[in-house]
Each structure stands twice: as structure tokens, then as C-alpha cells.
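As stored in target-v8.tsv (TSV, C-alpha atoms):
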```tsv
chain	number	residue	atom	x	y	z
A	1	MET	CA	8.15	-97.89	-110.41
A	2	LYS	CA	5.58	-99.73	-112.46
A	3	ARG	CA	4.30	-97.94	-115.50
A	4	THR	CA	1.12	-98.73	-117.36
A	5	PHE	CA	1.23	-99.03	-121.13
A	6	SER	CA	-1.50	-97.12	-122.95
A	7	LEU	CA	-2.90	-98.42	-126.23
A	8	THR	CA	-2.61	-95.73	-128.90
A	9	ILE	CA	-3.67	-95.58	-132.51
A	10	LEU	CA	-0.52	-95.02	-134.56
A	11	SER	CA	-0.57	-92.83	-137.62
A	12	THR	CA	-0.62	-94.50	-141.03
A	13	LEU	CA	2.95	-93.38	-141.66
A	14	LEU	CA	4.32	-94.89	-138.46
A	15	VAL	CA	2.45	-98.15	-138.98
A	16	THR	CA	3.96	-98.33	-142.47
A	17	VAL	CA	7.49	-97.79	-141.12
A	18	ILE	CA	7.09	-100.46	-138.44
A	19	SER	CA	5.47	-102.91	-140.85
A	20	CYS	CA	8.28	-102.47	-143.37
A	21	THR	CA	10.90	-103.02	-140.68
A	22	GLN	CA	9.17	-106.14	-139.37
A	23	GLU	CA	8.78	-107.44	-142.92
A	24	SER	CA	12.50	-107.00	-143.61
A	25	THR	CA	13.33	-108.70	-140.32
A	26	GLU	CA	11.04	-111.62	-141.17
A	27	LYS	CA	12.66	-111.94	-144.61
A	28	ALA	CA	16.12	-112.01	-143.04
A	29	LEU	CA	15.05	-114.64	-140.52
A	30	SER	CA	13.33	-116.77	-143.16
A	31	SER	CA	16.59	-116.90	-145.13
A	32	MET	CA	18.37	-118.37	-142.10
A	33	THR	CA	18.04	-122.06	-141.31
A	34	PRO	CA	18.70	-123.44	-137.81
A	35	THR	CA	21.79	-125.61	-138.02
A	36	GLY	CA	20.59	-128.50	-135.88
A	37	LYS	CA	23.93	-128.32	-134.09
A	38	ALA	CA	24.84	-127.08	-130.65
A	39	THR	CA	25.69	-123.38	-130.80
A	40	ARG	CA	26.96	-120.89	-128.24
A	41	PRO	CA	26.06	-117.21	-128.50
A	42	GLU	CA	27.69	-114.44	-126.48
A	43	GLU	CA	29.73	-115.66	-123.49
A	44	ALA	CA	32.05	-113.78	-121.16
A	45	PHE	CA	34.42	-116.75	-120.82
A	46	PRO	CA	33.80	-119.37	-123.53
A	47	ASN	CA	33.98	-122.95	-122.25
A	48	GLN	CA	34.51	-121.75	-118.69
A	49	ARG	CA	31.85	-121.71	-115.99
A	50	GLY	CA	34.00	-121.06	-112.95
A	51	THR	CA	32.69	-121.70	-109.45
A	52	LEU	CA	28.97	-121.61	-108.71
A	53	GLN	CA	28.16	-118.94	-106.13
A	54	THR	CA	25.06	-117.52	-104.52
A	55	GLY	CA	24.43	-113.91	-103.61
A	56	ILE	CA	21.78	-111.27	-103.08
A	57	LEU	CA	20.68	-109.21	-106.09
A	58	ASN	CA	17.75	-106.78	-105.81
A	59	GLY	CA	16.86	-108.39	-102.50
A	60	GLN	CA	16.62	-111.85	-104.05
A	61	LYS	CA	18.95	-114.84	-103.70
A	62	ILE	CA	20.53	-115.67	-107.07
A	63	SER	CA	23.14	-118.05	-108.46
A	64	TYR	CA	26.05	-116.85	-110.57
A	65	TYR	CA	29.48	-118.11	-111.62
A	66	LEU	CA	32.75	-116.68	-110.35
A	67	VAL	CA	35.47	-116.84	-113.01
A	68	GLY	CA	38.63	-115.39	-111.51
A	69	ASP	CA	37.37	-112.17	-109.93
A	70	GLN	CA	34.47	-111.77	-112.39
A	71	ALA	CA	30.87	-112.53	-111.41
A	72	VAL	CA	29.12	-113.87	-114.52
A	73	PHE	CA	25.35	-114.00	-114.82
A	74	GLU	CA	23.52	-115.58	-117.74
A	75	SER	CA	26.72	-116.24	-119.72
A	76	ASP	CA	27.48	-112.74	-121.04
A	77	ILE	CA	26.28	-110.46	-118.24
A	78	LEU	CA	28.83	-109.23	-115.72
A	79	LEU	CA	27.74	-108.32	-112.20
A	80	LEU	CA	29.40	-105.52	-110.29
A	81	PRO	CA	30.12	-105.95	-106.56
A	82	GLU	CA	27.56	-103.24	-105.78
A	83	ASN	CA	24.94	-105.19	-107.75
A	84	LEU	CA	25.31	-108.12	-105.39
A	85	LYS	CA	24.91	-105.91	-102.31
A	86	GLU	CA	21.81	-104.18	-103.65
A	87	GLN	CA	18.58	-104.45	-101.62
A	88	SER	CA	15.31	-103.21	-103.10
A	89	ASP	CA	11.62	-103.92	-103.65
A	90	LEU	CA	11.69	-103.56	-107.43
A	91	HIS	CA	8.91	-105.21	-109.41
A	92	THR	CA	9.89	-108.09	-111.68
A	93	GLU	CA	8.31	-108.39	-115.08
A	94	GLY	CA	10.60	-108.88	-118.05
A	95	THR	CA	13.20	-108.03	-120.61
A	96	ALA	CA	14.50	-104.56	-119.75
A	97	ARG	CA	15.42	-102.83	-116.51
A	98	SER	CA	12.73	-100.70	-114.92
A	99	LYS	CA	14.96	-99.16	-112.28
A	100	VAL	CA	15.45	-95.54	-113.35
A	101	SER	CA	18.94	-95.30	-111.83
A	102	ALA	CA	20.00	-98.12	-114.20
A	103	HIS	CA	19.19	-95.94	-117.24
A	104	TRP	CA	21.88	-93.73	-118.76
A	105	PRO	CA	21.14	-90.10	-117.74
A	106	ASN	CA	19.81	-87.91	-120.55
A	107	LYS	CA	20.05	-90.89	-122.94
A	108	ILE	CA	23.81	-90.29	-123.29
A	109	VAL	CA	26.34	-93.12	-123.10
A	110	TYR	CA	29.84	-91.83	-122.45
A	111	TYR	CA	32.42	-94.26	-123.76
A	112	SER	CA	36.00	-94.89	-124.82
A	113	ILE	CA	37.59	-97.58	-126.96
A	114	ASP	CA	40.75	-99.22	-125.69
A	115	PRO	CA	43.44	-98.43	-128.28
A	116	SER	CA	44.56	-102.07	-128.25
A	117	LEU	CA	41.13	-103.38	-129.26
A	118	PRO	CA	41.39	-104.87	-132.78
A	119	ASN	CA	38.83	-104.16	-135.50
A	120	GLN	CA	37.35	-101.08	-133.83
A	121	ALA	CA	34.96	-100.61	-136.75
A	122	ARG	CA	32.67	-103.23	-135.19
A	123	VAL	CA	32.24	-100.86	-132.24
A	124	THR	CA	31.75	-97.71	-134.29
A	125	ASP	CA	29.39	-99.51	-136.67
A	126	ALA	CA	27.37	-100.87	-133.74
A	127	ILE	CA	27.19	-97.41	-132.16
A	128	ALA	CA	26.10	-95.92	-135.49
A	129	HIS	CA	23.31	-98.52	-135.70
A	130	TRP	CA	22.02	-97.66	-132.23
A	131	GLU	CA	22.14	-93.93	-132.97
A	132	ALA	CA	20.34	-94.41	-136.30
A	133	ASN	CA	17.48	-96.27	-134.64
A	134	THR	CA	17.10	-94.71	-131.19
A	135	PRO	CA	17.52	-91.31	-129.51
A	136	VAL	CA	20.39	-92.69	-127.39
A	137	ARG	CA	23.63	-90.88	-128.14
A	138	PHE	CA	27.21	-92.06	-127.62
A	139	ILE	CA	29.79	-89.42	-126.72
A	140	GLN	CA	33.52	-89.89	-126.20
A	141	ARG	CA	34.27	-89.75	-122.51
A	142	THR	CA	36.39	-86.94	-121.10
A	143	THR	CA	36.01	-86.68	-117.30
A	144	GLN	CA	32.58	-88.24	-116.76
A	145	ARG	CA	32.38	-90.62	-113.81
A	146	GLY	CA	29.96	-93.06	-115.42
A	147	TYR	CA	31.20	-94.48	-118.71
A	148	VAL	CA	31.82	-97.69	-120.63
A	149	VAL	CA	35.08	-98.92	-122.12
A	150	PHE	CA	35.11	-101.24	-125.13
A	151	LYS	CA	38.08	-103.53	-124.66
A	152	THR	CA	39.47	-106.94	-125.53
A	153	GLY	CA	37.99	-109.84	-123.59
A	154	SER	CA	37.91	-113.62	-123.58
A	155	GLY	CA	34.43	-113.54	-125.12
A	156	CYS	CA	31.52	-111.12	-125.59
A	157	SER	CA	30.16	-109.64	-122.35
A	158	SER	CA	28.90	-106.51	-120.61
A	159	ASN	CA	27.08	-105.15	-117.59
A	160	VAL	CA	23.33	-104.53	-117.75
A	161	GLY	CA	22.32	-100.90	-117.37
A	162	TYR	CA	24.10	-97.82	-116.05
A	163	SER	CA	26.32	-98.37	-113.00
A	164	GLY	CA	27.42	-94.79	-112.37
A	165	GLY	CA	31.09	-95.75	-112.64
A	166	LEU	CA	33.49	-97.52	-114.96
A	167	GLN	CA	32.00	-100.50	-116.79
A	168	TYR	CA	33.02	-102.58	-119.78
A	169	VAL	CA	31.93	-104.15	-123.02
A	170	ASN	CA	34.39	-106.99	-123.53
A	171	LEU	CA	34.95	-108.21	-127.08
A	172	ALA	CA	37.04	-111.16	-128.21
A	173	SER	CA	38.32	-111.18	-131.79
A	174	THR	CA	35.40	-113.47	-132.73
A	175	CYS	CA	32.77	-110.95	-131.53
A	176	THR	CA	31.11	-109.38	-134.56
A	177	THR	CA	29.33	-106.07	-135.11
A	178	GLY	CA	26.08	-107.91	-134.41
A	179	ASN	CA	27.44	-109.29	-131.14
A	180	THR	CA	28.51	-105.75	-130.23
A	181	ILE	CA	25.00	-104.41	-130.92
A	182	HIS	CA	23.71	-107.16	-128.60
A	183	GLU	CA	26.16	-106.24	-125.84
A	184	ILE	CA	25.34	-102.54	-126.15
A	185	GLY	CA	21.72	-103.60	-125.68
A	186	HIS	CA	22.70	-105.04	-122.31
A	187	THR	CA	24.64	-101.87	-121.50
A	188	LEU	CA	21.50	-99.82	-122.14
A	189	GLY	CA	19.50	-102.10	-119.84
A	190	LEU	CA	18.06	-104.89	-121.99
A	191	TRP	CA	17.81	-108.45	-120.73
A	192	HIS	CA	17.73	-111.45	-123.06
A	193	GLU	CA	14.43	-111.71	-124.94
A	194	GLN	CA	13.70	-115.26	-123.73
A	195	SER	CA	13.69	-113.88	-120.18
A	196	ARG	CA	10.23	-112.35	-120.67
A	197	VAL	CA	7.75	-113.48	-118.04
A	198	ASP	CA	5.27	-114.44	-120.78
A	199	ARG	CA	7.80	-116.42	-122.82
A	200	ASP	CA	6.25	-119.81	-121.96
A	201	THR	CA	3.27	-118.76	-124.07
A	202	TYR	CA	5.55	-118.69	-127.12
A	203	VAL	CA	8.38	-121.16	-126.53
A	204	THR	CA	9.10	-124.43	-124.78
A	205	ILE	CA	12.33	-124.69	-122.81
A	206	ASN	CA	13.81	-128.16	-123.24
A	207	THR	CA	15.78	-128.36	-120.00
A	208	ALA	CA	17.02	-131.91	-120.67
A	209	ASN	CA	18.95	-130.64	-123.71
A	210	ILE	CA	20.70	-127.71	-122.00
A	211	LEU	CA	24.42	-127.93	-121.38
A	212	SER	CA	25.11	-128.71	-117.74
A	213	GLY	CA	25.61	-125.52	-115.73
A	214	TYR	CA	23.67	-123.33	-118.16
A	215	GLU	CA	20.15	-124.24	-117.01
A	216	THR	CA	19.69	-121.02	-115.03
A	217	ASP	CA	20.44	-118.99	-118.18
A	218	PHE	CA	16.99	-119.98	-119.41
A	219	GLN	CA	15.05	-118.67	-116.41
A	220	THR	CA	12.81	-115.63	-116.66
A	221	TYR	CA	13.83	-112.57	-114.70
A	222	ALA	CA	10.71	-112.87	-112.61
A	223	GLN	CA	12.05	-116.25	-111.53
A	224	ARG	CA	15.34	-114.56	-110.70
A	225	GLY	CA	13.76	-111.66	-108.82
A	226	LEU	CA	15.17	-108.94	-111.06
A	227	ASP	CA	13.68	-105.57	-111.95
A	228	GLY	CA	12.23	-105.22	-115.43
A	229	PHE	CA	9.19	-104.99	-117.67
A	230	ASP	CA	7.72	-106.72	-120.73
A	231	TYR	CA	7.14	-104.54	-123.77
A	232	PRO	CA	3.68	-105.45	-125.21
A	233	GLY	CA	3.36	-107.75	-128.18
A	234	GLY	CA	4.80	-110.98	-126.85
A	235	LEU	CA	8.15	-112.64	-127.43
A	236	ASP	CA	9.91	-111.24	-130.50
A	237	PHE	CA	11.54	-113.97	-132.59
A	238	GLY	CA	13.37	-111.23	-134.52
A	239	SER	CA	15.02	-109.66	-131.45
A	240	ILE	CA	18.79	-109.33	-131.45
A	241	MET	CA	18.61	-110.16	-127.73
A	242	LEU	CA	17.13	-113.65	-128.33
A	243	TYR	CA	18.99	-116.96	-128.10
A	244	GLY	CA	18.58	-119.42	-130.96
A	245	SER	CA	16.99	-122.86	-130.67
A	246	TYR	CA	20.29	-124.72	-130.40
A	247	ASP	CA	22.19	-122.34	-128.14
A	248	PHE	CA	23.90	-124.10	-125.23
A	249	SER	CA	22.70	-127.54	-126.31
A	250	LYS	CA	24.58	-130.52	-124.85
A	251	ASN	CA	23.36	-133.08	-127.36
A	252	GLY	CA	22.61	-131.29	-130.62
A	253	GLN	CA	18.90	-131.16	-129.79
A	254	PRO	CA	17.10	-127.82	-129.41
A	255	THR	CA	17.11	-126.07	-126.05
A	256	MET	CA	14.17	-123.90	-127.11
A	257	THR	CA	11.41	-124.47	-129.67
A	258	LYS	CA	8.30	-122.64	-130.69
A	259	LYS	CA	5.08	-124.07	-129.29
A	260	ASP	CA	4.49	-125.98	-132.53
A	261	GLY	CA	7.86	-127.69	-132.09
A	262	SER	CA	9.66	-125.76	-134.84
A	263	THR	CA	13.07	-124.21	-134.34
A	264	PHE	CA	14.30	-120.66	-134.90
A	265	VAL	CA	17.48	-118.62	-135.30
A	266	GLY	CA	18.76	-115.99	-132.88
A	267	GLN	CA	19.76	-113.29	-135.38
A	268	ARG	CA	22.66	-110.88	-134.95
A	269	ASN	CA	21.97	-108.61	-137.93
A	270	GLY	CA	20.36	-105.60	-136.28
A	271	LEU	CA	17.72	-104.27	-133.93
A	272	SER	CA	14.12	-105.36	-134.34
A	273	ALA	CA	11.11	-103.08	-133.90
A	274	THR	CA	10.57	-104.52	-130.41
A	275	ASP	CA	14.21	-103.94	-129.44
A	276	VAL	CA	13.91	-100.30	-130.49
A	277	ASN	CA	10.51	-99.76	-128.89
A	278	THR	CA	11.63	-101.30	-125.60
A	279	VAL	CA	14.54	-98.87	-125.39
A	280	LEU	CA	12.30	-95.95	-126.37
A	281	TYR	CA	9.83	-96.80	-123.63
A	282	MET	CA	12.56	-97.45	-121.07
A	283	TYR	CA	14.12	-94.05	-121.78
A	284	GLY	CA	10.88	-92.11	-121.56
A	285	GLU	CA	9.94	-91.84	-125.23
A	286	GLY	CA	6.19	-92.36	-124.69
A	287	ASP	CA	4.87	-95.84	-125.45
A	288	GLY	CA	7.76	-96.60	-127.76
A	289	ILE	CA	7.36	-95.82	-131.45
A	290	LEU	CA	9.86	-96.94	-134.05
A	291	ILE	CA	11.62	-93.90	-135.44
A	292	SER	CA	13.84	-95.51	-138.07
A	293	SER	CA	14.30	-98.72	-140.02
A	294	LYS	CA	17.99	-98.42	-140.90
A	295	SER	CA	20.02	-101.62	-140.94
A	296	THR	CA	23.59	-102.45	-140.03
A	297	LYS	CA	26.56	-104.47	-141.13
A	298	GLY	CA	26.01	-106.85	-138.21
A	299	ASP	CA	26.04	-110.57	-138.88
A	300	GLN	CA	24.97	-113.86	-137.43
```

Would you mind writing the file out in C-alpha cells?
Amino acid sequence: MKRTFSLTILSTLLVTVISCTQESTEKALSSMTPTGKATRPEEAFPNQRGTLQTGILNGQKISYYLVGDQAVFESDILLLPENLKEQSDLHTEGTARSKVSAHWPNKIVYYSIDPSLPNQARVTDAIAHWEANTPVRFIQRTTQRGYVVFKTGSGCSSNVGYSGGLQYVNLASTCTTGNTIHEIGHTLGLWHEQSRVDRDTYVTINTANILSGYETDFQTYAQRGLDGFDYPGGLDFGSIMLYGSYDFSKNGQPTMTKKDGSTFVGQRNGLSATDVNTVLYMYGEGDGILISSKSTKGDQ
């Protein structure tokens, strides 16, 4: 279902809150300097690509990697078997899922934490950050059929959106609170920010510099035939869902640059205004209005 965004005049108070949040995000980003070295953000299986496979997702032919019995899409996104059998006519526009059945019912995420997962504070801190900034609530699972388990994994990975059954957020010991916030973003239905259909207006993808086998990670979701939408305002360089300029570089040269040729950092400190507003819109909160500007202990 394609929804039309309406342009509304925000109250002075709300504009002030959003402006303050964006200003703090810009300050945080300005204090970070791109390393100029190849970096790797969240991955399900670091340094493993598995076997290249093709399948049908949302009625479109896609490529993914099979690592053991896990179907891995765009490095840190896990595909369920039912995803690959899905046939639909969903529209394809951007960075978050538009399919209503992929949204958590009543904005409640039922979850459990595997007792063997080390440093569980990164999960509880990440959950607290999401609850402080959005109306989504996380409740310990009892008998609910659809729920997510936070458990130990080889890297950082998750499914995208609500599956209606058991799903996971996998966290290696190196996955930080910020990485966990990112993975919860996928769980709620967010795609990577550079997947926006309008991203070529804001960045240049330097395909020649991308590590072999990772080229498809830099496609838009329109190119992949996936359901989604673009929240207005263009690509957000402060989004926690954005790759950095040197992510998945094979030669130390940037894989993505701004249109003026400058590089940027993919931050893992906390949600941006656009991240919050996208979730608000996706979960039926009007046009998406930032309701809080609280930060987190997340890190790069």
C-alpha cells in the first residue's frame, strides 16, 4: 500500500526539538574523521561470503549468500525461508518496509535474551534507547508466537521486519550497543540508509573500490525489487543505518563519497531524527514527528 506524505507546518516547539537533535548529531559527526582505511560494519559472518545463490523475494529475482544454512542478504540481514518463497506486487521505494504484515503488531516487540549472551547491557541499553525515542515497546516474551531472541552470533545480524515466528538478533562479542541499535532498526523494518532510491542525488557509489562479492550490498531496494518507502528529506548522513565511506573497501579507497567527493562516517552513537521519523511513519504515527532527543551509550 502506497501512502502519500502530507506537508505539515510543525509547531515551534517541535521544530526546536528536531533542530536541537540534528545539531547534536551534526556535532557528533563533525568530531569523527573518516579513517581512510577499509572498514567493515555489521556482518552476519565476518570474512565469510558463502555460496552465491539466487532466489525469489517479493516476486523479484535476487542474489544472496548461503553460509551454512543461513541466507545472508546485504551482509547483516538474514532471510527466512518464507521470505524467499514470497510472491507479491509490493511497491519499491526505499529505506523501510511498507508491507504492513512486516510491522510488529501494536508496536510491541516481544523478545528474550539468551542467558549465555555476554554483556547483556548492550541489549538493554539499546532497547532503552529505542523506547526513549519511539513509541515502540519491548516486552519480555512469555508464550507469544512472534518474538525475537538476542543471542551470540559470529557477527552482528538480524532479520528485517516482523516474521510472525521466532527470529534472531545475533551479536558477536565485538558488537556494541550502537551495533545493537542498528540491528534492532532492521528488526523493526528499516533497510540501510544508502538503499534509498534517491541516494544517487547525494552520494556516488565507487563500485571499483568495493570488496569483491559485496557489490550488491550497495544497490537500492528498488533495484532489488523490495517493498519500502523513502522518508522525505533525502539521504541522512547522520542515520545509524548508514554505511561509512570506507565500508567494504578492497583497496583503502572510499566505496561511497558525497557528491563533492568528500567522505563521511557511518555513526553508531544513536538514532537520528530521520531514523525516528521513519519508524514513526511506518508504525502509523502520522507523518513522523520526533518525540524525544535522548541519546545512548552507543559507540562507533

**Prompt:** Pick from A:Arg145, A:Ser195, A:Val276, A:Asn119: nearest to Gln223 of chain A, with all atoms listed in the file counted?
**Reply:** A:Ser195

**Message:** Please report the interatomic distance between atom CA of His129 of chain A and atom CA of Ile240 of chain A in Å with one decimal.
**Reply:**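 Between these atoms lies a distance of 12.5 Å.
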
**Request:** For atom CA of Asp198 of chain A and atom CA of Phe248 of chain A, determine how far apart the two atoms are, in Å to one decimal place.
**Result:**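 The value is 21.5 Å.
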
**Complete:** Across A:Val67, A:Leu166, A:Ala273, A:Leu171, the smallest distance to Gln120 of chain A, with only C-alpha atoms counted, is shown by A:Leu171

**Asked** Which residue, A:Gln144, A:Cys156, A:Val100, A:Lys151, has the smallest gap to Ile113 of chain A when you use all atoms listed in the file?
**Response** A:Lys151

**One-decimal distance in Å that lies between atom CA of Pro115 of chain A and atom CA of His103 of chain A** =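 Between atom CA of His103 of chain A and atom CA of Pro115 of chain A the gap is 26.8 Å.
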
**Request:** Please return, as a VMD selection string, all polymer residues that have at least one atom within 10 Å of the point (18.8, -92.1, -116.5); use all atoms listed in the file and the file's own coordinate frame.
**Result:** chain A and resid 99 to 108 161 to 162 164 188 282 to 284

**Asked** Of the residues A:Ser163, A:Asn170, A:Gln140, A:Gln194, which is the one nearest to Gln219 of chain A, using all atoms listed in the file?
**Response**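 Answer, going by the shortest atom-to-atom distance: A:Gln194.
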
With only C-alpha atoms as the counted atoms, please give the residues lying no more than 12 Å from Gly50 of chain A, apart from itself and same-chain residues fewer than 6 positions off, as a JSON list (two decimals) with C-alpha atoms, in the coordinates of the input.
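The result, stored in around31.json:
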```
[["chain", "number", "residue", "atom", "x", "y", "z"],
["A", 44, "ALA", "CA", 32.05, -113.78, -121.16],
["A", 64, "TYR", "CA", 26.05, -116.85, -110.57],
["A", 65, "TYR", "CA", 29.48, -118.11, -111.62],
["A", 66, "LEU", "CA", 32.75, -116.68, -110.35],
["A", 67, "VAL", "CA", 35.47, -116.84, -113.01],
["A", 68, "GLY", "CA", 38.63, -115.39, -111.51],
["A", 69, "ASP", "CA", 37.37, -112.17, -109.93],
["A", 70, "GLN", "CA", 34.47, -111.77, -112.39],
["A", 71, "ALA", "CA", 30.87, -112.53, -111.41],
["A", 72, "VAL", "CA", 29.12, -113.87, -114.52],
["A", 73, "PHE", "CA", 25.35, -114.00, -114.82],
["A", 75, "SER", "CA", 26.72, -116.24, -119.72],
["A", 213, "GLY", "CA", 25.61, -125.52, -115.73],
["A", 214, "TYR", "CA", 23.67, -123.33, -118.16]]
```

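Of the residues listed (A:Lys259, A:His192, A:Arg268, A:Arg141), A:Arg268 shows the shortest atom-to-atom separation from Thr177 of chain A; distances use only C-alpha atoms.
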
**Request:** With a distance cut-off of 10 Å and all atoms listed in the file, select the neighbouring residues of Tyr168 of chain A, excluding the residue or stretch itself and same-chain residues fewer than 5 positions from it, and output the selection as a list in words.
**Result:** Leu78, Tyr111, Ser112, Ile113, Tyr147, Val148, Val149, Phe150, Lys151, Thr152, Gly153, Ser157, Ser158, Asn159, Glu183, Ile184 and Thr187 of chain A

**Message:** Counting only C-alpha atoms, which residues sit no farther than 12 Å from the position (7.6, -108.8, -124.5) in the file's frame? I'd like them as a PyMOL selection string.
**Reply:** chain A and resi 93-96+190-202+220+228-239+241-242+273-275+277-278

**Message:** So that I can see what lies close to Ser245 of chain A, please list as a ChimeraX atom specification the residues with an atom at most 7 Å from it, counting all atoms listed in the file and leaving out residues fewer than 6 positions away in the same chain.
**Reply:** /A:254-257,263-265

**Asked** Smallest atom-to-atom distance to Asn269 of chain A: which of A:Thr143, A:His182, A:Ala121, A:Leu52, using only C-alpha atoms?
**Response**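 Closest residue, counting only C-alpha atoms: A:His182.
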
Given the block above, output segment 195-254 of chain A with C-alpha atoms as a tab-separated table (two decimals), in the first residue's frame.
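Below is the file that was written, out13.tsv:
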```
chain	number	residue	atom	x	y	z
A	195	SER	CA	19.44	1.90	-0.10
A	196	ARG	CA	17.15	4.90	-0.67
A	197	VAL	CA	16.00	5.20	-4.26
A	198	ASP	CA	17.10	8.86	-4.32
A	199	ARG	CA	20.55	8.17	-2.86
A	200	ASP	CA	22.38	8.87	-6.15
A	201	THR	CA	21.38	12.50	-5.71
A	202	TYR	CA	23.51	12.63	-2.55
A	203	VAL	CA	26.30	10.07	-2.91
A	204	THR	CA	28.45	8.44	-5.54
A	205	ILE	CA	28.97	4.69	-5.31
A	206	ASN	CA	32.54	3.82	-6.29
A	207	THR	CA	31.98	0.26	-7.48
A	208	ALA	CA	35.63	-0.26	-8.45
A	209	ASN	CA	36.65	0.12	-4.79
A	210	ILE	CA	34.12	-2.33	-3.32
A	211	LEU	CA	35.38	-5.63	-1.95
A	212	SER	CA	34.65	-8.43	-4.38
A	213	GLY	CA	31.33	-10.10	-3.58
A	214	TYR	CA	29.92	-7.08	-1.75
A	215	GLU	CA	28.87	-5.05	-4.80
A	216	THR	CA	25.18	-5.95	-4.46
A	217	ASP	CA	25.19	-4.58	-0.89
A	218	PHE	CA	25.30	-1.11	-2.42
A	219	GLN	CA	22.18	-1.48	-4.58
A	220	THR	CA	19.00	0.40	-3.81
A	221	TYR	CA	15.98	-1.64	-2.79
A	222	ALA	CA	14.17	-0.51	-5.89
A	223	GLN	CA	16.94	-2.21	-7.85
A	224	ARG	CA	16.39	-5.31	-5.73
A	225	GLY	CA	12.60	-5.27	-6.08
A	226	LEU	CA	11.88	-4.99	-2.36
A	227	ASP	CA	8.99	-3.29	-0.61
A	228	GLY	CA	9.71	0.01	1.08
A	229	PHE	CA	9.42	3.79	1.11
A	230	ASP	CA	11.66	6.86	1.34
A	231	TYR	CA	11.02	9.19	4.24
A	232	PRO	CA	11.14	12.80	2.89
A	233	GLY	CA	14.23	14.92	3.30
A	234	GLY	CA	16.81	12.99	1.32
A	235	LEU	CA	19.65	10.75	2.45
A	236	ASP	CA	20.50	11.29	6.11
A	237	PHE	CA	24.26	11.34	6.71
A	238	GLY	CA	23.54	11.09	10.45
A	239	SER	CA	21.49	7.88	10.23
A	240	ILE	CA	22.59	4.94	12.33
A	241	MET	CA	21.55	2.76	9.38
A	242	LEU	CA	24.14	4.31	7.00
A	243	TYR	CA	27.42	2.73	5.90
A	244	GLY	CA	30.55	4.86	6.11
A	245	SER	CA	32.66	5.94	3.14
A	246	TYR	CA	35.26	3.21	3.58
A	247	ASP	CA	33.00	0.30	4.46
A	248	PHE	CA	33.77	-2.84	2.46
A	249	SER	CA	36.63	-1.20	0.57
A	250	LYS	CA	39.10	-3.56	-1.13
A	251	ASN	CA	41.87	-1.03	-1.61
A	252	GLY	CA	41.58	1.60	1.13
A	253	GLN	CA	39.76	3.96	-1.22
A	254	PRO	CA	36.20	5.11	-0.46
```
